[in-house]
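Let me begin by presenting the structure, written as structure tokens, before commenting on it.
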Amino acid sequence: MPDMSSTTETPHADGRILKQVIDGVGVITFNNPDKRNAMSLEMWEGFGEALTSLRDDETVRVVILRGAGGKAFVSGADISQFEKTRHNAAASEEYARRSAAQRALLADYPKPTIACIEGFCLGGGMQVAMLADVRLAAHGSQFGIPAAKLGIAYGYDGLKHLVSLVGPSWARLLMYTGMRIDSAEALRIGLVERLFPIDELWGETMTIAQTISENAPLAIKAAKITIAQVLKDESQRDLEAIKAISHACMDSADFREGRQAFMEKRKPQFTGK
């Protein structure tokens with residue numbers, strides 16, 4: 001596994017968001033451990049900056065999202081800011097507009113994303129995790145959306161993703177009660193894809209990320225585009241986009257490299273072209 005200490009972390013939002021690149025894998029760390037990585041508005045905007053930077057870095061092929069401190073991925077919004085940023089409908093709408101812009105970046109992200117979850121994943125943290133392509137979690141992690149306990153409405157996009165992952169009945173139970181579920185339940189209902197012991201989570205996440213980064217970027221892009229279109233209502237699907245990326249794959253140097261590597265019994269070296 002690569003040595004994380006050998007690469008430099010770039011700070012955003014006064015260091016509460018950290019960005020790093022390790023052998024083609026981008027890593028974004030939510031770094032507010034004193035508040036269990038609760039998200040302030042400044043952190044949302046720093047998160048968007050880090051996502052944009054890694055999106056535009058041609059050396060990065062996959063991005064991991066993780067929390068600092070070992071106790072939380074993201075425990076939700078920073079409630080201490082609510083009197084300033086979400087004290088009424090108008091203020092809440094402005095907060096939602098600014099934070100939603102960053103979530104939209106993740107929702108439409110062109111590169112594969114992995115949420116590496118240890119500890120609490122609550123509220124806004126669930127929104128982030130559900131927007132990632134894959135969710136990997138440590139045993140003992142806890143998940144929930146306490147909106148009903150705070151008297152706030154959870155957003156449409158967040159609920160859309162929750163329903164798509166766990167179905168409407170579980171979405172209702174989680175939302176109506178504000179209950180937390182453990183990692184085993186999260187795996188059983190489809191909220192996360194795999195569970196690992198805490199001391200193995202990071203290594204297993206990096207192994208999966210590196211496997212993705214070594215595969216053909218255009219083929220992964222084709223899968224990501226096609227799956228996104230499958231999830232849309234049939235009337236909204238862009239079949240031309242699927243056709244275009246399919247043709248790009250078949251005409252690519254990577255396809256030729258894949259064929260040659262197979263015939264020569266060697267590991268292919270993909271360039272994304």
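Letters A, B, ... go to the chains of the structure tokens in the order shown; residues in each chain start at 1; ligands are counted from 1 in the same order.
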Need to verify the contact set: Gly272 in chain A, 10 Å, only C-alpha atoms, exclusion of same-chain residues closer than 3 positions in sequence. Can you return it as a PyMOL selection string?
chain A and resi 58+61+215-221+249+252-255+269
Include N, CA, C and O atoms and write out the residues we just selected as a compact mmCIF listing (two decimals), in the first residue's frame.
# COMPACT_ATOMS: atom_id res chain seq x y z
N GLU A 58 -5.17 15.45 -14.45
CA GLU A 58 -5.18 14.31 -15.36
C GLU A 58 -4.50 13.08 -14.78
O GLU A 58 -4.69 11.97 -15.28
N ARG A 61 -7.32 9.30 -11.26
CA ARG A 61 -8.31 8.47 -11.94
C ARG A 61 -9.47 8.05 -11.04
O ARG A 61 -10.49 7.58 -11.54
N ASN A 215 -7.36 0.25 -14.32
CA ASN A 215 -8.21 -0.17 -15.42
C ASN A 215 -8.37 0.95 -16.44
O ASN A 215 -7.93 2.08 -16.21
N ALA A 216 -8.99 0.64 -17.57
CA ALA A 216 -9.09 1.60 -18.67
C ALA A 216 -10.06 2.74 -18.30
O ALA A 216 -11.26 2.48 -18.10
N PRO A 217 -9.59 3.97 -18.24
CA PRO A 217 -10.45 5.09 -17.83
C PRO A 217 -11.67 5.27 -18.71
O PRO A 217 -12.76 5.59 -18.21
N LEU A 218 -11.55 5.08 -20.01
CA LEU A 218 -12.69 5.26 -20.90
C LEU A 218 -13.76 4.20 -20.65
O LEU A 218 -14.96 4.49 -20.71
N ALA A 219 -13.33 2.98 -20.39
CA ALA A 219 -14.29 1.91 -20.11
C ALA A 219 -15.04 2.19 -18.80
O ALA A 219 -16.25 1.96 -18.69
N ILE A 220 -14.32 2.70 -17.80
CA ILE A 220 -14.96 3.06 -16.53
C ILE A 220 -15.91 4.23 -16.74
O ILE A 220 -17.02 4.26 -16.20
N LYS A 221 -15.48 5.20 -17.54
CA LYS A 221 -16.35 6.34 -17.85
C LYS A 221 -17.62 5.87 -18.54
O LYS A 221 -18.73 6.35 -18.25
N CYS A 249 -14.68 4.20 -26.79
CA CYS A 249 -13.95 3.05 -26.24
C CYS A 249 -13.42 2.16 -27.36
O CYS A 249 -12.25 1.75 -27.36
N SER A 252 -10.42 3.53 -29.23
CA SER A 252 -9.35 4.06 -28.39
C SER A 252 -8.07 3.26 -28.49
O SER A 252 -8.06 2.06 -28.80
N ALA A 253 -6.97 3.97 -28.16
CA ALA A 253 -5.68 3.30 -28.05
C ALA A 253 -5.69 2.30 -26.89
O ALA A 253 -5.01 1.27 -26.93
N ASP A 254 -6.49 2.61 -25.85
CA ASP A 254 -6.58 1.70 -24.71
C ASP A 254 -7.17 0.35 -25.09
O ASP A 254 -6.76 -0.69 -24.56
N PHE A 255 -8.14 0.34 -26.00
CA PHE A 255 -8.72 -0.92 -26.45
C PHE A 255 -7.66 -1.75 -27.18
O PHE A 255 -7.55 -2.97 -26.97
N GLN A 269 -1.15 -1.17 -19.88
CA GLN A 269 -0.83 0.20 -19.41
C GLN A 269 -1.78 1.15 -20.11
O GLN A 269 -1.56 1.53 -21.26
Please identify every residue of range 121-144 of chain A that has at least one atom no farther than 12 Å from an atom of range 39-53 of chain A, counting only C-alpha atoms, and for each give the shortest atom pair and the distance in Å to one decimal, arranged by chain then increasing number, as JSON lines.
{"residue": "A:Cys121", "atom": "CA", "partner": "A:Met39", "partner_atom": "CA", "distance": 11.7}
{"residue": "A:Leu122", "atom": "CA", "partner": "A:Met39", "partner_atom": "CA", "distance": 10.8}
{"residue": "A:Gly123", "atom": "CA", "partner": "A:Met39", "partner_atom": "CA", "distance": 10.0}
{"residue": "A:Gly124", "atom": "CA", "partner": "A:Met39", "partner_atom": "CA", "distance": 7.6}
{"residue": "A:Gly125", "atom": "CA", "partner": "A:Met39", "partner_atom": "CA", "distance": 8.1}
{"residue": "A:Met126", "atom": "CA", "partner": "A:Met39", "partner_atom": "CA", "distance": 11.7}
{"residue": "A:Gln127", "atom": "CA", "partner": "A:Met39", "partner_atom": "CA", "distance": 11.5}
{"residue": "A:Val128", "atom": "CA", "partner": "A:Trp44", "partner_atom": "CA", "distance": 10.4}
What would the file look like if the residues just selected were written as a PDB file, in the first residue's frame with all heavy atoms?
ATOM      1  N   CYS A 121     -21.816   8.481  10.317  1.00  0.00           N
ATOM      2  CA  CYS A 121     -22.146   9.005   8.987  1.00  0.00           C
ATOM      3  C   CYS A 121     -23.607   9.422   9.074  1.00  0.00           C
ATOM      4  O   CYS A 121     -24.519   8.607   8.927  1.00  0.00           O
ATOM      5  CB  CYS A 121     -21.935   7.924   7.921  1.00  0.00           C
ATOM      6  SG  CYS A 121     -22.281   8.476   6.239  1.00  0.00           S
ATOM      7  N   LEU A 122     -23.808  10.707   9.342  1.00  0.00           N
ATOM      8  CA  LEU A 122     -25.140  11.192   9.694  1.00  0.00           C
ATOM      9  C   LEU A 122     -25.521  12.414   8.872  1.00  0.00           C
ATOM     10  O   LEU A 122     -24.655  13.201   8.477  1.00  0.00           O
ATOM     11  CB  LEU A 122     -25.191  11.563  11.187  1.00  0.00           C
ATOM     12  CG  LEU A 122     -24.737  10.500  12.178  1.00  0.00           C
ATOM     13  CD1 LEU A 122     -24.672  11.092  13.584  1.00  0.00           C
ATOM     14  CD2 LEU A 122     -25.652   9.293  12.143  1.00  0.00           C
ATOM     15  N   GLY A 123     -26.823  12.588   8.627  1.00  0.00           N
ATOM     16  CA  GLY A 123     -27.335  13.805   8.008  1.00  0.00           C
ATOM     17  C   GLY A 123     -26.654  14.161   6.705  1.00  0.00           C
ATOM     18  O   GLY A 123     -26.708  13.414   5.720  1.00  0.00           O
ATOM     19  N   GLY A 124     -25.979  15.315   6.698  1.00  0.00           N
ATOM     20  CA  GLY A 124     -25.252  15.744   5.502  1.00  0.00           C
ATOM     21  C   GLY A 124     -24.148  14.786   5.113  1.00  0.00           C
ATOM     22  O   GLY A 124     -23.776  14.693   3.938  1.00  0.00           O
ATOM     23  N   GLY A 125     -23.599  14.061   6.097  1.00  0.00           N
ATOM     24  CA  GLY A 125     -22.602  13.038   5.783  1.00  0.00           C
ATOM     25  C   GLY A 125     -23.194  11.909   4.969  1.00  0.00           C
ATOM     26  O   GLY A 125     -22.542  11.347   4.082  1.00  0.00           O
ATOM     27  N   MET A 126     -24.446  11.576   5.265  1.00  0.00           N
ATOM     28  CA  MET A 126     -25.145  10.576   4.462  1.00  0.00           C
ATOM     29  C   MET A 126     -25.336  11.079   3.038  1.00  0.00           C
ATOM     30  O   MET A 126     -25.215  10.305   2.078  1.00  0.00           O
ATOM     31  CB  MET A 126     -26.492  10.246   5.094  1.00  0.00           C
ATOM     32  CG  MET A 126     -26.407   9.349   6.307  1.00  0.00           C
ATOM     33  SD  MET A 126     -26.508   7.601   5.856  1.00  0.00           S
ATOM     34  CE  MET A 126     -28.267   7.445   5.514  1.00  0.00           C
ATOM     35  N   GLN A 127     -25.631  12.364   2.874  1.00  0.00           N
ATOM     36  CA  GLN A 127     -25.777  12.907   1.528  1.00  0.00           C
ATOM     37  C   GLN A 127     -24.500  12.724   0.735  1.00  0.00           C
ATOM     38  O   GLN A 127     -24.512  12.300  -0.421  1.00  0.00           O
ATOM     39  CB  GLN A 127     -26.153  14.388   1.588  1.00  0.00           C
ATOM     40  CG  GLN A 127     -27.621  14.643   1.853  1.00  0.00           C
ATOM     41  CD  GLN A 127     -27.986  16.089   1.606  1.00  0.00           C
ATOM     42  OE1 GLN A 127     -27.426  16.986   2.201  1.00  0.00           O
ATOM     43  NE2 GLN A 127     -28.925  16.317   0.715  1.00  0.00           N
ATOM     44  N   VAL A 128     -23.361  13.065   1.352  1.00  0.00           N
ATOM     45  CA  VAL A 128     -22.072  12.913   0.679  1.00  0.00           C
ATOM     46  C   VAL A 128     -21.818  11.452   0.331  1.00  0.00           C
ATOM     47  O   VAL A 128     -21.454  11.117  -0.800  1.00  0.00           O
ATOM     48  CB  VAL A 128     -20.930  13.473   1.545  1.00  0.00           C
ATOM     49  CG1 VAL A 128     -19.572  13.171   0.917  1.00  0.00           C
ATOM     50  CG2 VAL A 128     -21.087  14.978   1.742  1.00  0.00           C
TER      51      VAL A 128
END
DSSP says strand (DSSP E or B) for which residues of range 51-273 of chain A? Put them as a count of residues only?
32
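CA of Arg194 in chain A to CA of Ala137 in chain A spans 6.4 Å [interatomic distance, one decimal].
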Filtered DSSP result for range 124-155 of chain A, state helix (DSSP H, G or I), as a PyMOL selection string
chain A and resi 124-131+147-150
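Closest approach to Leu106 in chain A from the set A:Ile227, A:Thr211, A:Glu118, A:Leu65 is made by A:Leu65, with distances taken over only C-alpha atoms.
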Select, from A:Met130, A:Pro168, A:Val62, A:Gly70, the residue with the minimum atom-to-atom distance to Asp23 in chain A, counting only C-alpha atoms.
A:Val62
One decimal, in Å: what's the spacing between CA of Ile22 in chain A and CA of Ala186 in chain A?
29.0 Å
Of the candidates A:Lys111, A:Arg98, A:Arg16, A:Arg188, which one gets nearest to Asp56 in chain A if we count only C-alpha atoms?
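Closest to Asp56 in chain A of all the choices is A:Lys111.
Shortest separation to Lys232 in chain A among A:Ala148, A:Ser164, A:Ala244, A:Lys71 occurs at residue A:Ser164, atoms counted being only C-alpha atoms.
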Between CA of Arg172 in chain A and CA of Ile145 in chain A lies a distance of 10.9 Å
Quick one: contact table of range 42-161 of chain A to range 198-207 of chain A, 9 Å max, nearest atom pair and distance in Å to one decimal per residue, counting only C-alpha atoms, chain and number order, as a Markdown table?
| residue | atom | partner | partner_atom | distance |
| --- | --- | --- | --- | --- |
| A:Ile64 | CA | A:Thr205 | CA | 8.1 |
| A:Ile114 | CA | A:Thr205 | CA | 8.0 |
| A:Ala115 | CA | A:Thr205 | CA | 8.8 |
| A:Cys116 | CA | A:Thr205 | CA | 6.7 |
| A:Ile117 | CA | A:Leu201 | CA | 8.4 |
| A:Glu118 | CA | A:Ile198 | CA | 7.3 |
| A:Leu136 | CA | A:Thr205 | CA | 7.1 |
| A:Ala137 | CA | A:Leu201 | CA | 6.9 |
| A:Ala138 | CA | A:Ile198 | CA | 5.0 |
| A:His139 | CA | A:Ile198 | CA | 6.2 |
| A:Gly140 | CA | A:Ile198 | CA | 8.1 |
File dump, residues just selected, C-alpha atoms, as a PDB file, in the first residue's frame:
ATOM      1  CA  ILE A  64     -11.650   8.616  -2.085  1.00  0.00           C
ATOM      2  CA  ILE A 114     -15.461   5.974  -3.050  1.00  0.00           C
ATOM      3  CA  ALA A 115     -16.740   6.904   0.410  1.00  0.00           C
ATOM      4  CA  CYS A 116     -14.485   5.335   3.063  1.00  0.00           C
ATOM      5  CA  ILE A 117     -16.664   5.411   6.190  1.00  0.00           C
ATOM      6  CA  GLU A 118     -15.484   4.957   9.763  1.00  0.00           C
ATOM      7  CA  LEU A 136     -17.086   1.006   2.006  1.00  0.00           C
ATOM      8  CA  ALA A 137     -17.440   1.032   5.789  1.00  0.00           C
ATOM      9  CA  ALA A 138     -15.782  -0.178   8.951  1.00  0.00           C
ATOM     10  CA  HIS A 139     -17.534  -2.527  11.344  1.00  0.00           C
ATOM     11  CA  GLY A 140     -19.116  -0.437  14.077  1.00  0.00           C
TER      12      GLY A 140
END
Got a sec: who's within 12 Å of Tyr154 in chain A, counting only C-alpha atoms, leaving out chain neighbours fewer than 2 positions off, as a VMD selection string?
chain A and resid 76 to 77 92 96 122 to 124 126 to 127 144 to 152 156 to 162 171 to 172 174 to 176 178
Write out the residues from the selection above, keeping C-alpha atoms, as a compact mmCIF listing (two decimals), in the first residue's frame.
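That gives us result-v1.txt:
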# COMPACT_ATOMS: atom_id res chain seq x y z
CA GLY A 76 -23.80 16.06 9.66
CA ALA A 77 -24.05 19.82 9.43
CA SER A 92 -31.74 28.18 4.99
CA ALA A 96 -28.86 25.14 0.71
CA LEU A 122 -25.14 11.19 9.69
CA GLY A 123 -27.33 13.80 8.01
CA GLY A 124 -25.25 15.74 5.50
CA MET A 126 -25.14 10.58 4.46
CA GLN A 127 -25.78 12.91 1.53
CA GLY A 144 -28.75 7.96 10.21
CA ILE A 145 -30.58 11.12 9.19
CA PRO A 146 -31.82 13.01 12.29
CA ALA A 147 -33.76 15.67 10.35
CA ALA A 148 -37.01 14.85 12.19
CA LYS A 149 -35.26 15.38 15.53
CA LEU A 150 -34.12 18.85 14.43
CA GLY A 151 -37.30 20.01 12.73
CA ILE A 152 -35.74 20.42 9.29
CA TYR A 156 -35.06 16.12 -2.46
CA ASP A 157 -31.76 14.93 -3.90
CA GLY A 158 -30.72 13.30 -0.64
CA LEU A 159 -34.01 11.44 -0.32
CA LYS A 160 -33.94 10.45 -3.98
CA HIS A 161 -30.60 8.73 -3.44
CA LEU A 162 -31.71 7.18 -0.17
CA ALA A 171 -36.31 5.44 3.69
CA ARG A 172 -39.56 6.19 5.52
CA LEU A 174 -35.13 6.12 8.76
CA MET A 175 -36.66 9.53 8.11
CA TYR A 176 -39.74 9.25 10.32
CA GLY A 178 -34.45 9.66 12.92
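Of the residues listed (A:Ser99, A:Ala104, A:Gln20, A:Pro112), A:Pro112 shows the shortest atom-to-atom separation from Ser213 in chain A; distances use only C-alpha atoms.
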